[in-house]
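Reading through the structure tokens given below for one structure.
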Amino acid sequence: MSSETKAVEIFRRDAVGEWRFIPYSEGDRIESMSLGVTLSLNAIYEDVVLELEDEGGEKGLS
């Protein structure tokens with residue numbers, strides 16, 4: 001999970017046992033096969049306030 005943007009990166013084994021990188025971003029739904037749930041990325045970050053950099057490199061709250 002990212003602390004700067006709404007993003008989650010997952011590594012998951014495929015059918016032949018190889019690891020696959022799966023990036024998720026705002027608006028995506030994430031399926032956790034091991035937990036048997038599907039979550040929206042927006043729900044994960046629902047009450048999170050992220051700091052964003054403006055064009056001059058200054059950080060502010062979003």
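Each chain of the structure tokens is named A, B, ... in the order shown, its residues numbered from 1; ligands are numbered from 1 in display order.
DSSP secondary structure from the backbone places Ala7, Val8, Glu9, Ile10, Phe11, Arg12, Arg13, Trp19, Arg20, Phe21, Ile22, Pro23, Tyr24, Ser25, Arg29, Ile30, Glu31, Ser32, Val37, Thr38, Leu39, Ser40, Glu51, Leu52, Glu53, Lys59, Gly60 and Leu61 of chain A of chain A in strand (DSSP E).
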Could you write out the selected residues, including N, CA and C atoms, as a PDB file, in the first residue's frame?
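Printed below is selection23.pdb as written:
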ATOM      1  N   ALA A   7      -2.802   3.566  -4.058  1.00  0.00           N
ATOM      2  CA  ALA A   7      -2.230   2.490  -4.863  1.00  0.00           C
ATOM      3  C   ALA A   7      -1.884   1.295  -3.987  1.00  0.00           C
ATOM      4  N   VAL A   8      -2.060   0.104  -4.545  1.00  0.00           N
ATOM      5  CA  VAL A   8      -1.686  -1.149  -3.884  1.00  0.00           C
ATOM      6  C   VAL A   8      -0.965  -1.989  -4.921  1.00  0.00           C
ATOM      7  N   GLU A   9       0.124  -2.611  -4.519  1.00  0.00           N
ATOM      8  CA  GLU A   9       0.867  -3.503  -5.397  1.00  0.00           C
ATOM      9  C   GLU A   9       0.870  -4.892  -4.780  1.00  0.00           C
ATOM     10  N   ILE A  10       0.491  -5.881  -5.573  1.00  0.00           N
ATOM     11  CA  ILE A  10       0.380  -7.251  -5.082  1.00  0.00           C
ATOM     12  C   ILE A  10       1.222  -8.169  -5.961  1.00  0.00           C
ATOM     13  N   PHE A  11       1.886  -9.119  -5.336  1.00  0.00           N
ATOM     14  CA  PHE A  11       2.553 -10.195  -6.054  1.00  0.00           C
ATOM     15  C   PHE A  11       1.739 -11.454  -5.807  1.00  0.00           C
ATOM     16  N   ARG A  12       1.367 -12.130  -6.885  1.00  0.00           N
ATOM     17  CA  ARG A  12       0.501 -13.307  -6.784  1.00  0.00           C
ATOM     18  C   ARG A  12       1.058 -14.402  -7.684  1.00  0.00           C
ATOM     19  N   ARG A  13       0.995 -15.638  -7.211  1.00  0.00           N
ATOM     20  CA  ARG A  13       1.438 -16.768  -8.038  1.00  0.00           C
ATOM     21  C   ARG A  13       0.371 -17.088  -9.083  1.00  0.00           C
ATOM     22  N   TRP A  19       5.587 -15.879  -9.975  1.00  0.00           N
ATOM     23  CA  TRP A  19       5.074 -14.670  -9.325  1.00  0.00           C
ATOM     24  C   TRP A  19       4.747 -13.615 -10.376  1.00  0.00           C
ATOM     25  N   ARG A  20       3.584 -13.003 -10.240  1.00  0.00           N
ATOM     26  CA  ARG A  20       3.137 -11.933 -11.132  1.00  0.00           C
ATOM     27  C   ARG A  20       2.896 -10.676 -10.309  1.00  0.00           C
ATOM     28  N   PHE A  21       3.367  -9.553 -10.824  1.00  0.00           N
ATOM     29  CA  PHE A  21       3.169  -8.251 -10.193  1.00  0.00           C
ATOM     30  C   PHE A  21       1.868  -7.664 -10.704  1.00  0.00           C
ATOM     31  N   ILE A  22       1.000  -7.251  -9.780  1.00  0.00           N
ATOM     32  CA  ILE A  22      -0.287  -6.669 -10.154  1.00  0.00           C
ATOM     33  C   ILE A  22      -0.437  -5.332  -9.446  1.00  0.00           C
ATOM     34  N   PRO A  23      -0.363  -4.227 -10.198  1.00  0.00           N
ATOM     35  CA  PRO A  23      -0.568  -2.909  -9.595  1.00  0.00           C
ATOM     36  C   PRO A  23      -2.048  -2.519  -9.648  1.00  0.00           C
ATOM     37  N   TYR A  24      -2.541  -1.912  -8.585  1.00  0.00           N
ATOM     38  CA  TYR A  24      -3.914  -1.416  -8.533  1.00  0.00           C
ATOM     39  C   TYR A  24      -3.867   0.068  -8.228  1.00  0.00           C
ATOM     40  N   SER A  25      -4.816   0.812  -8.795  1.00  0.00           N
ATOM     41  CA  SER A  25      -4.876   2.248  -8.526  1.00  0.00           C
ATOM     42  C   SER A  25      -6.323   2.661  -8.278  1.00  0.00           C
ATOM     43  N   ARG A  29     -10.762  -2.666  -8.123  1.00  0.00           N
ATOM     44  CA  ARG A  29     -11.213  -3.596  -7.087  1.00  0.00           C
ATOM     45  C   ARG A  29     -10.141  -4.671  -6.946  1.00  0.00           C
ATOM     46  N   ILE A  30      -9.840  -5.021  -5.687  1.00  0.00           N
ATOM     47  CA  ILE A  30      -8.781  -5.976  -5.387  1.00  0.00           C
ATOM     48  C   ILE A  30      -9.400  -7.242  -4.825  1.00  0.00           C
ATOM     49  N   GLU A  31      -9.093  -8.372  -5.457  1.00  0.00           N
ATOM     50  CA  GLU A  31      -9.586  -9.654  -4.966  1.00  0.00           C
ATOM     51  C   GLU A  31      -8.485 -10.331  -4.160  1.00  0.00           C
ATOM     52  N   SER A  32      -8.794 -10.659  -2.904  1.00  0.00           N
ATOM     53  CA  SER A  32      -7.876 -11.429  -2.072  1.00  0.00           C
ATOM     54  C   SER A  32      -8.393 -12.860  -2.049  1.00  0.00           C
ATOM     55  N   VAL A  37     -12.254 -12.334  -0.237  1.00  0.00           N
ATOM     56  CA  VAL A  37     -12.982 -11.059  -0.288  1.00  0.00           C
ATOM     57  C   VAL A  37     -12.503 -10.234  -1.478  1.00  0.00           C
ATOM     58  N   THR A  38     -13.365  -9.312  -1.897  1.00  0.00           N
ATOM     59  CA  THR A  38     -13.008  -8.328  -2.904  1.00  0.00           C
ATOM     60  C   THR A  38     -13.273  -6.955  -2.313  1.00  0.00           C
ATOM     61  N   LEU A  39     -12.259  -6.087  -2.372  1.00  0.00           N
ATOM     62  CA  LEU A  39     -12.365  -4.746  -1.807  1.00  0.00           C
ATOM     63  C   LEU A  39     -12.093  -3.714  -2.889  1.00  0.00           C
ATOM     64  N   SER A  40     -12.780  -2.581  -2.798  1.00  0.00           N
ATOM     65  CA  SER A  40     -12.437  -1.493  -3.702  1.00  0.00           C
ATOM     66  C   SER A  40     -11.276  -0.720  -3.091  1.00  0.00           C
ATOM     67  N   GLU A  51      -0.805  13.242   1.742  1.00  0.00           N
ATOM     68  CA  GLU A  51      -0.076  14.473   1.475  1.00  0.00           C
ATOM     69  C   GLU A  51       0.301  14.492   0.004  1.00  0.00           C
ATOM     70  N   LEU A  52      -0.028  15.577  -0.677  1.00  0.00           N
ATOM     71  CA  LEU A  52       0.296  15.711  -2.088  1.00  0.00           C
ATOM     72  C   LEU A  52       1.288  16.840  -2.277  1.00  0.00           C
ATOM     73  N   GLU A  53       2.213  16.664  -3.216  1.00  0.00           N
ATOM     74  CA  GLU A  53       3.158  17.730  -3.536  1.00  0.00           C
ATOM     75  C   GLU A  53       2.545  18.620  -4.614  1.00  0.00           C
ATOM     76  N   LYS A  59       4.490  20.119   0.104  1.00  0.00           N
ATOM     77  CA  LYS A  59       3.486  19.106   0.443  1.00  0.00           C
ATOM     78  C   LYS A  59       2.277  19.765   1.081  1.00  0.00           C
ATOM     79  N   GLY A  60       1.099  19.244   0.718  1.00  0.00           N
ATOM     80  CA  GLY A  60      -0.159  19.698   1.306  1.00  0.00           C
ATOM     81  C   GLY A  60      -1.059  18.505   1.515  1.00  0.00           C
ATOM     82  N   LEU A  61      -2.188  18.708   2.130  1.00  0.00           N
ATOM     83  CA  LEU A  61      -3.119  17.612   2.403  1.00  0.00           C
ATOM     84  C   LEU A  61      -4.177  17.543   1.318  1.00  0.00           C
TER      85      LEU A  61
END
Excluding Glu26 of chain A and its own-chain neighbours fewer than 6 positions away, which residues fall within 7 Å of it when counting only C-alpha atoms? Please give them as a tab-separated table (two decimals) with all heavy atoms, in the first residue's frame.
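What follows is the written file part_34.tsv:
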chain	number	residue	atom	x	y	z
A	6	LYS	N	-3.20	6.70	-3.85
A	6	LYS	CA	-4.10	5.56	-3.67
A	6	LYS	C	-3.63	4.45	-4.60
A	6	LYS	O	-3.98	4.42	-5.78
A	6	LYS	CB	-5.54	5.96	-3.99
A	6	LYS	CG	-6.12	6.91	-2.98
A	6	LYS	CD	-7.56	7.24	-3.31
A	6	LYS	CE	-8.13	8.20	-2.27
A	6	LYS	NZ	-9.51	8.55	-2.58
A	7	ALA	N	-2.80	3.57	-4.06
A	7	ALA	CA	-2.23	2.49	-4.86
A	7	ALA	C	-1.88	1.30	-3.99
A	7	ALA	O	-1.49	1.46	-2.84
A	7	ALA	CB	-0.98	2.98	-5.59
A	41	LEU	N	-10.40	-0.24	-3.93
A	41	LEU	CA	-9.27	0.54	-3.45
A	41	LEU	C	-9.76	1.80	-2.75
A	41	LEU	O	-9.19	2.23	-1.75
A	41	LEU	CB	-8.33	0.90	-4.61
A	41	LEU	CG	-6.97	1.37	-4.19
A	41	LEU	CD1	-6.15	0.22	-3.65
A	41	LEU	CD2	-6.25	2.03	-5.32
A	42	ASN	N	-10.85	2.37	-3.24
A	42	ASN	CA	-11.42	3.57	-2.60
A	42	ASN	C	-11.88	3.26	-1.17
A	42	ASN	O	-11.73	4.10	-0.28
A	42	ASN	CB	-12.55	4.14	-3.43
A	42	ASN	CG	-12.06	4.74	-4.74
A	42	ASN	OD1	-10.90	5.10	-4.87
A	42	ASN	ND2	-12.94	4.82	-5.71
Got a sec to tell me which of chain A DSSP assigns to alpha helix (DSSP H), as a PDB file with N, CA and C atoms, in the first residue's frame?
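Saved file selection27.pdb follows:
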ATOM      1  N   LEU A  41     -10.399  -0.238  -3.930  1.00  0.00           N
ATOM      2  CA  LEU A  41      -9.267   0.544  -3.453  1.00  0.00           C
ATOM      3  C   LEU A  41      -9.763   1.802  -2.748  1.00  0.00           C
ATOM      4  N   ASN A  42     -10.848   2.375  -3.237  1.00  0.00           N
ATOM      5  CA  ASN A  42     -11.415   3.566  -2.598  1.00  0.00           C
ATOM      6  C   ASN A  42     -11.876   3.264  -1.174  1.00  0.00           C
ATOM      7  N   ALA A  43     -12.413   2.072  -0.933  1.00  0.00           N
ATOM      8  CA  ALA A  43     -12.837   1.702   0.420  1.00  0.00           C
ATOM      9  C   ALA A  43     -11.637   1.542   1.351  1.00  0.00           C
ATOM     10  N   ILE A  44     -10.538   1.004   0.831  1.00  0.00           N
ATOM     11  CA  ILE A  44      -9.333   0.827   1.641  1.00  0.00           C
ATOM     12  C   ILE A  44      -8.805   2.176   2.118  1.00  0.00           C
TER      13      ILE A  44
END
message: What does the structure give for the distance between atom CA of Gly36 of chain A and atom CA of Val48 of chain A, in Å to one decimal?
response: 24.1 Å
message: What does the structure give for the distance between atom CA of Gly17 of chain A and atom CA of Met33 of chain A, in Å to one decimal?
response: 15.0 Å
